[in-house]
file query16.cif (mmCIF, C-alpha atoms (C1' of nucleotides))
data_work
loop_
_atom_site.label_atom_id
_atom_site.label_comp_id
_atom_site.auth_asym_id
_atom_site.auth_seq_id
_atom_site.Cartn_x
_atom_site.Cartn_y
_atom_site.Cartn_z
CA MET A 7 2.15 -4.53 5.23
CA PRO A 8 -1.52 -4.21 4.82
CA GLU A 9 -3.66 -5.75 2.15
CA LEU A 10 -6.80 -7.65 3.06
CA PRO A 11 -5.02 -10.71 4.55
CA GLU A 12 -2.75 -8.55 6.69
CA VAL A 13 -5.60 -6.36 7.93
CA GLU A 14 -7.66 -9.43 8.69
CA THR A 15 -4.72 -10.94 10.56
CA VAL A 16 -4.38 -7.78 12.64
CA ARG A 17 -8.12 -7.83 13.31
CA ARG A 18 -7.97 -11.39 14.59
CA GLY A 19 -4.99 -10.53 16.76
CA LEU A 20 -6.58 -7.46 18.32
CA GLU A 21 -10.06 -8.90 18.73
CA PRO A 22 -9.54 -10.97 21.88
CA ALA A 23 -7.71 -8.12 23.61
CA MET A 24 -10.08 -5.31 22.64
CA VAL A 25 -13.61 -6.65 22.44
CA GLY A 26 -15.39 -6.27 25.74
CA ALA A 27 -12.74 -3.96 27.14
CA ARG A 28 -13.08 -0.25 27.77
CA LEU A 29 -10.72 2.36 26.39
CA ALA A 30 -9.55 3.62 29.76
CA GLY A 31 -6.95 5.98 28.39
CA ILE A 32 -5.87 7.26 24.99
CA ASP A 33 -2.46 8.76 24.36
CA GLN A 34 -2.61 10.67 21.09
CA ARG A 35 0.92 11.84 20.40
CA ARG A 36 0.46 14.02 17.34
CA PRO A 37 -2.38 15.99 15.77
CA ASP A 38 -2.49 14.08 12.52
CA LEU A 39 -1.46 11.05 10.56
CA ARG A 40 -2.43 11.18 6.93
CA PHE A 41 -5.39 13.31 8.00
CA PRO A 42 -5.98 15.23 11.23
CA PHE A 43 -7.44 13.13 14.02
CA PRO A 44 -11.15 13.84 14.63
CA GLU A 45 -11.99 16.77 16.89
CA ASN A 46 -11.89 15.77 20.55
CA PHE A 47 -10.61 12.34 19.59
CA VAL A 48 -9.34 11.48 23.08
CA GLU A 49 -12.41 12.80 24.86
CA ARG A 50 -14.80 10.97 22.56
CA LEU A 51 -13.01 7.65 23.04
CA THR A 52 -12.22 7.72 26.71
CA GLY A 53 -14.40 5.32 28.68
CA ARG A 54 -15.98 3.74 25.61
CA ARG A 55 -16.39 -0.03 25.48
CA VAL A 56 -15.44 -1.91 22.32
CA GLU A 57 -18.36 -4.11 21.34
CA ALA A 58 -16.93 -5.68 18.20
CA LEU A 59 -13.94 -5.45 15.91
CA GLY A 60 -14.72 -5.86 12.23
CA ARG A 61 -13.13 -5.27 8.86
CA ARG A 62 -14.38 -3.77 5.61
CA ALA A 63 -11.93 -3.73 2.71
CA LYS A 64 -8.63 -2.65 4.30
CA TYR A 65 -10.32 -0.80 7.17
CA LEU A 66 -10.55 -1.96 10.76
CA LEU A 67 -13.87 -1.06 12.39
CA ALA A 68 -14.18 -0.94 16.16
CA ASP A 69 -17.83 -0.74 17.20
CA LEU A 70 -18.17 1.39 20.32
CA ASP A 71 -20.89 1.42 22.96
CA ASP A 72 -21.96 4.97 22.03
CA ALA A 73 -23.04 3.95 18.51
CA ASN A 74 -19.90 5.32 16.92
CA VAL A 75 -17.36 3.32 14.96
CA LEU A 76 -13.63 3.88 15.30
CA VAL A 77 -12.35 3.46 11.75
CA MET A 78 -8.66 2.67 11.37
CA HIS A 79 -6.60 2.35 8.21
CA LEU A 80 -2.98 1.16 8.29
CA GLY A 81 -1.82 2.89 5.12
CA MET A 82 1.46 1.40 3.90
CA SER A 83 3.37 1.04 7.13
CA GLY A 84 0.90 0.97 10.00
CA SER A 85 1.01 -1.76 12.63
CA PHE A 86 -0.42 -2.52 16.03
CA ARG A 87 1.34 -4.18 18.89
CA ILE A 88 0.06 -5.38 22.22
CA ILE A 89 1.96 -4.72 25.42
CA SER A 90 1.53 -6.94 28.48
CA GLY A 91 -2.00 -7.60 29.68
CA GLU A 92 -3.45 -11.05 30.16
CA ASP A 93 -3.72 -11.86 26.47
CA SER A 94 -1.78 -14.69 24.92
CA ALA A 95 0.32 -14.36 21.79
CA SER A 96 -1.90 -13.49 18.85
CA PRO A 97 -1.01 -13.86 15.18
CA GLY A 98 -0.52 -10.64 13.33
CA VAL A 99 0.07 -8.48 16.34
CA PHE A 100 3.49 -7.49 17.57
CA HIS A 101 4.13 -8.42 21.18
CA HIS A 102 6.95 -6.67 22.95
CA ASP A 103 8.46 -5.99 19.57
CA ARG A 104 11.66 -4.01 19.96
CA SER A 105 12.16 -3.64 16.23
CA LYS A 106 9.62 -0.82 16.16
CA ASN A 107 10.93 2.72 16.39
CA VAL A 108 8.97 4.20 19.25
CA ALA A 109 9.30 7.63 17.65
CA HIS A 110 6.55 6.40 15.33
CA ASP A 111 4.21 5.24 18.09
CA HIS A 112 1.43 7.70 17.38
CA VAL A 113 -1.49 6.39 19.43
CA ALA A 114 -1.57 4.21 22.55
CA PHE A 115 -4.82 2.78 23.88
CA THR A 116 -4.76 1.68 27.49
CA LEU A 117 -7.57 -0.80 28.05
CA SER A 118 -9.53 -1.40 31.22
CA THR A 119 -7.82 -4.80 31.39
CA GLY A 120 -4.41 -3.19 31.66
CA THR A 121 -3.40 -4.20 28.16
CA ARG A 122 -1.89 -1.48 26.00
CA ILE A 123 -2.41 -1.39 22.25
CA ILE A 124 0.00 0.81 20.35
CA TYR A 125 -0.35 2.09 16.80
CA ASN A 126 2.97 2.60 15.02
CA ASP A 127 3.22 4.07 11.52
CA PRO A 128 6.53 5.45 10.21
CA ARG A 129 5.16 6.81 6.94
CA ARG A 130 1.92 8.05 8.46
CA PHE A 131 -0.24 7.09 5.48
CA GLY A 132 -2.69 5.51 7.91
CA PHE A 133 -5.48 7.37 9.66
CA MET A 134 -8.25 7.08 12.22
CA GLU A 135 -11.79 8.41 12.01
CA LEU A 136 -14.90 8.37 14.20
CA ILE A 137 -18.16 7.85 12.37
CA ALA A 138 -21.71 7.22 13.61
CA ARG A 139 -22.55 3.59 12.94
CA SER A 140 -25.81 4.58 11.26
CA ALA A 141 -23.93 6.82 8.82
CA LEU A 142 -21.10 4.43 8.04
CA ALA A 143 -22.37 2.92 4.80
CA GLU A 144 -23.07 6.31 3.25
CA HIS A 145 -19.88 7.92 4.50
CA ALA A 146 -17.45 9.13 1.83
CA LEU A 147 -14.92 6.51 2.92
CA PHE A 148 -17.30 3.62 2.34
CA LYS A 149 -20.07 4.53 -0.06
CA ASN A 150 -18.02 3.63 -3.13
CA VAL A 151 -16.21 0.61 -1.72
CA GLY A 152 -16.63 -2.50 -3.84
CA ILE A 153 -17.50 -6.10 -3.03
CA GLU A 154 -15.66 -8.17 -0.43
CA PRO A 155 -13.58 -10.78 -2.24
CA LEU A 156 -14.01 -13.32 0.56
CA GLY A 157 -17.77 -12.82 0.72
CA ASN A 158 -20.37 -14.59 -1.35
CA ALA A 159 -20.59 -11.72 -3.80
CA LEU A 160 -17.40 -12.56 -5.68
CA ASP A 161 -17.76 -15.09 -8.47
CA GLY A 162 -17.18 -15.24 -12.19
CA ALA A 163 -20.47 -13.56 -12.97
CA ALA A 164 -19.66 -10.67 -10.64
CA LEU A 165 -16.24 -10.21 -12.20
CA ALA A 166 -17.73 -10.18 -15.68
CA ARG A 167 -20.36 -7.67 -14.64
CA LEU A 168 -17.79 -5.39 -12.98
CA PHE A 169 -15.28 -5.61 -15.84
CA ALA A 170 -17.59 -5.64 -18.87
CA GLY A 171 -16.62 -2.98 -21.38
CA LYS A 172 -13.50 -1.90 -19.52
CA ALA A 173 -10.40 -1.20 -21.56
CA ALA A 174 -8.31 -0.79 -18.42
CA PRO A 175 -5.75 -3.52 -17.82
CA LEU A 176 -6.70 -6.31 -15.43
CA LYS A 177 -4.04 -5.10 -13.01
CA ALA A 178 -5.68 -1.70 -12.64
CA ALA A 179 -9.21 -3.10 -12.50
CA LEU A 180 -8.30 -5.53 -9.71
CA LEU A 181 -6.58 -2.79 -7.71
CA ASP A 182 -9.64 -0.54 -8.04
CA GLN A 183 -11.18 -0.57 -4.56
CA THR A 184 -14.53 0.60 -5.91
CA LEU A 185 -14.88 -2.69 -7.81
CA ILE A 186 -13.34 -5.27 -5.46
CA ALA A 187 -12.24 -4.11 -2.03
CA GLY A 188 -9.14 -5.37 -0.28
CA LEU A 189 -6.82 -6.55 -3.02
CA GLY A 190 -3.45 -4.82 -3.21
CA ASN A 191 -0.36 -5.07 -5.33
CA ILE A 192 0.88 -8.40 -3.98
CA TYR A 193 -2.31 -10.41 -4.19
CA VAL A 194 -3.32 -9.01 -7.56
CA CYS A 195 0.01 -10.16 -8.99
CA GLU A 196 -0.32 -13.56 -7.33
CA ALA A 197 -3.94 -14.09 -8.39
CA LEU A 198 -3.22 -13.16 -12.01
CA HIS A 199 -0.36 -15.64 -12.10
CA ARG A 200 -2.52 -18.41 -10.70
CA ALA A 201 -5.16 -17.63 -13.33
CA ARG A 202 -2.52 -17.43 -16.10
CA LEU A 203 -3.82 -14.02 -17.04
CA SER A 204 -1.59 -11.16 -18.16
CA PRO A 205 -1.83 -8.03 -16.01
CA ARG A 206 -1.91 -6.12 -19.31
CA ARG A 207 -4.99 -7.87 -20.67
CA ALA A 208 -8.04 -5.63 -20.95
CA ALA A 209 -10.41 -6.26 -18.04
CA GLY A 210 -13.37 -6.35 -20.39
CA THR A 211 -12.09 -9.54 -22.02
CA LEU A 212 -13.35 -11.52 -19.03
CA ALA A 213 -16.93 -10.79 -20.08
CA ARG A 214 -18.65 -12.38 -23.04
CA LYS A 215 -20.45 -10.20 -25.56
CA ASP A 216 -23.67 -10.77 -23.67
CA GLY A 217 -21.99 -9.69 -20.44
CA GLY A 218 -21.78 -13.18 -18.99
CA PRO A 219 -18.62 -14.63 -17.51
CA THR A 220 -15.96 -16.38 -19.54
CA GLU A 221 -14.19 -19.47 -18.23
CA ARG A 222 -11.30 -17.16 -17.34
CA ALA A 223 -13.63 -15.05 -15.21
CA HIS A 224 -14.69 -18.08 -13.21
CA LEU A 225 -11.05 -19.11 -12.84
CA LEU A 226 -9.90 -15.66 -11.73
CA ALA A 227 -12.66 -15.36 -9.15
CA ARG A 228 -11.73 -18.76 -7.77
CA VAL A 229 -8.00 -18.04 -7.48
CA ILE A 230 -8.56 -14.61 -5.92
CA ARG A 231 -10.47 -16.31 -3.16
CA GLU A 232 -7.89 -19.07 -2.95
CA VAL A 233 -4.84 -16.83 -2.63
CA LEU A 234 -6.53 -14.59 -0.05
CA GLU A 235 -7.65 -17.54 2.04
CA GLU A 236 -4.19 -19.07 1.93
CA ALA A 237 -2.63 -15.76 2.93
CA VAL A 238 -5.05 -15.24 5.82
CA ALA A 239 -4.30 -18.76 7.01
CA ALA A 240 -0.59 -17.91 6.86
CA GLY A 241 -1.07 -14.74 8.91
CA GLY A 242 -0.47 -12.51 5.90
CA SER A 243 2.86 -11.51 4.39
CA SER A 244 5.69 -9.78 6.24
CA LEU A 245 7.99 -7.96 3.89
CA ARG A 246 9.87 -5.20 5.66
CA ASP A 247 8.51 -5.82 9.14
CA HIS A 248 11.25 -7.85 10.72
CA ARG A 249 10.12 -9.79 13.71
CA GLN A 250 12.50 -10.70 16.46
CA THR A 251 10.44 -13.48 17.97
CA ASN A 252 7.07 -15.14 17.62
CA GLY A 253 7.12 -17.09 14.37
CA ALA A 254 3.32 -16.96 14.24
CA LEU A 255 3.17 -13.81 12.14
CA GLY A 256 3.04 -13.61 8.41
CA TYR A 257 4.81 -16.25 6.39
CA PHE A 258 2.88 -16.04 3.14
CA GLN A 259 5.80 -14.16 1.54
CA HIS A 260 7.50 -17.54 1.26
CA ASN A 261 4.66 -18.62 -1.02
CA PHE A 262 4.96 -15.76 -3.52
CA ARG A 263 5.13 -17.11 -7.06
CA VAL A 264 5.80 -13.82 -8.84
CA TYR A 265 5.70 -10.84 -6.47
CA ASP A 266 9.21 -9.37 -6.05
CA ARG A 267 10.64 -12.36 -7.93
CA GLU A 268 11.87 -10.67 -11.10
CA GLY A 269 14.29 -12.92 -12.98
CA SER A 270 13.19 -16.10 -11.21
CA ALA A 271 11.91 -19.13 -13.02
CA CYS A 272 8.13 -19.27 -13.32
CA ALA A 273 6.70 -21.52 -10.62
CA ALA A 274 4.16 -23.07 -12.96
CA PRO A 275 5.14 -26.71 -13.62
CA GLY A 276 6.75 -27.11 -17.01
CA CYS A 277 6.42 -23.44 -17.94
CA GLY A 278 10.08 -22.51 -18.13
CA GLY A 279 9.29 -18.78 -18.31
CA ILE A 280 11.04 -16.05 -16.36
CA VAL A 281 9.24 -13.63 -14.06
CA LYS A 282 9.21 -10.12 -15.50
CA ARG A 283 8.68 -6.76 -13.86
CA ILE A 284 6.83 -3.94 -15.58
CA VAL A 285 5.29 -0.71 -14.31
CA GLN A 286 1.57 -0.14 -14.71
CA SER A 287 0.03 3.14 -13.57
CA GLY A 288 3.08 3.79 -11.48
CA ARG A 289 3.20 0.46 -9.68
CA ALA A 290 5.28 -2.65 -10.22
CA SER A 291 3.63 -5.68 -11.81
CA PHE A 292 5.32 -9.07 -11.66
CA PHE A 293 4.22 -11.78 -14.05
CA CYS A 294 5.38 -14.58 -16.32
CA GLY A 295 5.31 -13.49 -19.93
CA ALA A 296 5.26 -17.11 -21.06
CA CYS A 297 2.22 -18.54 -19.31
CA GLN A 298 0.18 -15.44 -18.45
CA ARG A 299 -1.85 -14.32 -21.44
"C1'" DC B 25 -16.86 8.81 -17.79
"C1'" DT B 26 -11.89 7.13 -18.15
"C1'" DT B 27 -6.76 6.82 -17.17
"C1'" DA B 28 -2.24 8.69 -15.69
"C1'" DC B 29 0.50 10.92 -12.60
"C1'" DA B 30 2.16 13.48 -8.55
"C1'" DC B 31 1.97 13.44 -3.92
"C1'" DC B 32 1.73 12.38 1.09
"C1'" DC B 33 6.26 10.39 4.40
"C1'" DT B 34 10.05 7.58 6.23
"C1'" DG B 35 13.30 3.97 5.75
"C1'" DC B 36 15.81 0.63 3.33
"C1'" DT B 37 18.74 -1.14 -0.53
"C1'" DC B 38 21.58 -0.63 -4.27
"C1'" DG B 39 25.15 1.29 -7.15
"C1'" DC B 40 28.85 4.35 -7.42
"C1'" DT C 20 31.99 3.95 4.66
"C1'" DG C 21 29.25 7.65 2.56
"C1'" DC C 22 25.70 9.44 -0.41
"C1'" DG C 23 22.08 10.06 -3.62
"C1'" DA C 24 18.59 7.62 -6.36
"C1'" DG C 25 15.02 4.73 -6.46
"C1'" DC C 26 11.64 2.04 -4.50
"C1'" DA C 27 8.00 0.27 -1.06
"C1'" DG C 28 2.13 -3.45 0.97
"C1'" DG C 29 -2.29 2.63 -0.17
"C1'" DG C 30 -5.30 6.14 -1.38
"C1'" DT C 31 -6.52 10.84 -3.05
"C1'" DG C 32 -6.62 14.88 -5.85
"C1'" DT C 33 -5.77 16.90 -10.16
"C1'" DA C 34 -5.35 17.05 -14.97
"C1'" DA C 35 -5.86 15.58 -19.63
#

call {"tool": "encode", "arguments": {"input": "query16.cif", "output": "structure tokens"}}
result
Amino acid sequence: MPELPEVETVRRGLEPAMVGARLAGIDQRRPDLRFPFPENFVERLTGRRVEALGRRAKYLLADLDDANVLVMHLGMSGSFRIISGEDSASPGVFHHDRSKNVAHDHVAFTLSTGTRIIYNDPRRFGFMELIARSALAEHALFKNVGIEPLGNALDGAALARLFAGKAAPLKAALLDQTLIAGLGNIYVCEALHRARLSPRRAAGTLARKDGGPTERAHLLARVIREVLEEAVAAGGSSLRDHRQTNGALGYFQHNFRVYDREGSACAAPGCGGIVKRIVQSGRASFFCGACQR
DNA sequence: CTTACACCCTGCTCGC
DNA sequence: TGCGAGCAGGGTGTAA
């Protein structure tokens, strides 16, 4: 489930349970996910206190009291759930969720508070890494990561600067994590619809000849921020993660205007177009051919 | 430098 | 009902 809003939702759900607690026990149930776990993963984590839980792009970053950072990526199918403990229900985190196949519970953290936090990932495209905090920014995982779309750095001028001269389609440019970090397939489709921009349009067309932003660049920057903020407020989108209880998690999927809505009427008032599905660089793009240009 | 594509892996849905 | 094909929210490595 994880694009920026989903990862941020998970972060907010885990934060009250994890921050301030020690990792009293770690149950690592296989040697690898997408990549091998770090050497001595269990030994290096046991007894560490979590000082903060942050997010960069689609990565969760747990600051530890030994100046290392536990970096966690959810891949396509990763999720965390919280078992028992004193914590209250938290959005974005599965509590006592029986819909998860425990065969895919790959890591379980037992906290000093008694709470257990379990990482489940059927496809195993996620991974965990331990990196010295001082080396984080220059680490291969992060040195080329682009700007945060919810930070102050994203505006029309930034988009124009990043996209100037690019022949690549807007869809590909927005998915490129080295330019803007955290957007994924859903929110790129949704943002482009809100900006009435075709996913096939060349990214460079959002910059003027002098490199400055066009009106469309300002609009796109604004709607990217808007759709991400709305999705975070909704607890992200839950597509294939069926929840038994706790309606607090992820209802932004009900607000999709184009994603996975091929054949539906365009949601734009008075448009009358039909949502189309095309494939761009191997991934589905949903858009209205009538109002997105 | 681009851009395109296969691939990693499991599970679900759809059409026959 | 069974079965294979195709597809899925991500990222990387390779090739052209």

call {"tool": "interface_residues", "arguments": {"input": "query16.cif", "of": "chain A", "to": "chain C", "cutoff": "10 Å", "atoms": "all atoms listed in the file", "output": "list in words"}}
result
Met7, Pro8, Glu9, Glu12, Lys64, His79, Leu80, Gly81, Met82, Ser83, Phe131, Gly132, Gln183, Gly190, Asn191, Ile192, Tyr193, Ser243, Ser244, Leu245, Arg246, Arg289 and Ala290 of chain A

call {"tool": "write_last_selection", "arguments": {"input": "query16.cif", "atoms": "C-alpha atoms", "output": "short mmCIF file (atom, residue, chain, number, x, y, z; two decimals), keeping the file's coordinate frame"}}
result
data_model
loop_
_atom_site.label_atom_id
_atom_site.label_comp_id
_atom_site.auth_asym_id
_atom_site.auth_seq_id
_atom_site.Cartn_x
_atom_site.Cartn_y
_atom_site.Cartn_z
CA MET A 7 2.15 -4.53 5.23
CA PRO A 8 -1.52 -4.21 4.82
CA GLU A 9 -3.66 -5.75 2.15
CA GLU A 12 -2.75 -8.55 6.69
CA LYS A 64 -8.63 -2.65 4.30
CA HIS A 79 -6.60 2.35 8.21
CA LEU A 80 -2.98 1.16 8.29
CA GLY A 81 -1.82 2.89 5.12
CA MET A 82 1.46 1.40 3.90
CA SER A 83 3.37 1.04 7.13
CA PHE A 131 -0.24 7.09 5.48
CA GLY A 132 -2.69 5.51 7.91
CA GLN A 183 -11.18 -0.57 -4.56
CA GLY A 190 -3.45 -4.82 -3.21
CA ASN A 191 -0.36 -5.07 -5.33
CA ILE A 192 0.88 -8.40 -3.98
CA TYR A 193 -2.31 -10.41 -4.19
CA SER A 243 2.86 -11.51 4.39
CA SER A 244 5.69 -9.78 6.24
CA LEU A 245 7.99 -7.96 3.89
CA ARG A 246 9.87 -5.20 5.66
CA ARG A 289 3.20 0.46 -9.68
CA ALA A 290 5.28 -2.65 -10.22
#

call {"tool": "resolve_selection", "arguments": {"input": "query16.cif", "expression": "the PyMOL selection byres ((chain B) within 7 of (chain A))", "output": "ChimeraX atom specification"}}
result
/B:28,33-34

call {"tool": "residues_around", "arguments": {"input": "query16.cif", "residues": "Pro219 (chain A)", "least_positions_apart": "6", "cutoff": "12 Å", "atoms": "all atoms listed in the file", "output": "ChimeraX atom specification"}}
result
/A:161-170,209-213,225-227

call {"tool": "write_last_selection", "arguments": {"input": "query16.cif", "atoms": "C-alpha atoms", "output": "PDB file, in the frame of the given file"}}
result
ATOM      1  CA  ASP A 161     -17.760 -15.090  -8.470  1.00  0.00           C
ATOM      2  CA  GLY A 162     -17.180 -15.240 -12.190  1.00  0.00           C
ATOM      3  CA  ALA A 163     -20.470 -13.560 -12.970  1.00  0.00           C
ATOM      4  CA  ALA A 164     -19.660 -10.670 -10.640  1.00  0.00           C
ATOM      5  CA  LEU A 165     -16.240 -10.210 -12.200  1.00  0.00           C
ATOM      6  CA  ALA A 166     -17.730 -10.180 -15.680  1.00  0.00           C
ATOM      7  CA  ARG A 167     -20.360  -7.670 -14.640  1.00  0.00           C
ATOM      8  CA  LEU A 168     -17.790  -5.390 -12.980  1.00  0.00           C
ATOM      9  CA  PHE A 169     -15.280  -5.610 -15.840  1.00  0.00           C
ATOM     10  CA  ALA A 170     -17.590  -5.640 -18.870  1.00  0.00           C
ATOM     11  CA  ALA A 209     -10.410  -6.260 -18.040  1.00  0.00           C
ATOM     12  CA  GLY A 210     -13.370  -6.350 -20.390  1.00  0.00           C
ATOM     13  CA  THR A 211     -12.090  -9.540 -22.020  1.00  0.00           C
ATOM     14  CA  LEU A 212     -13.350 -11.520 -19.030  1.00  0.00           C
ATOM     15  CA  ALA A 213     -16.930 -10.790 -20.080  1.00  0.00           C
ATOM     16  CA  LEU A 225     -11.050 -19.110 -12.840  1.00  0.00           C
ATOM     17  CA  LEU A 226      -9.900 -15.660 -11.730  1.00  0.00           C
ATOM     18  CA  ALA A 227     -12.660 -15.360  -9.150  1.00  0.00           C
TER      19      ALA A 227
END

call {"tool": "atom_distance", "arguments": {"input": "query16.cif", "atom1": "CA of Met134 (chain A)", "atom2": "CA of Ala239 (chain A)"}}
result
26.7 Å

call {"tool": "resolve_selection", "arguments": {"input": "query16.cif", "expression": "the PyMOL selection byres ((chain A and resi 56) around 6)", "output": "number ranges by chain"}}
result
A: 25-27, 55, 57-58, 69-70
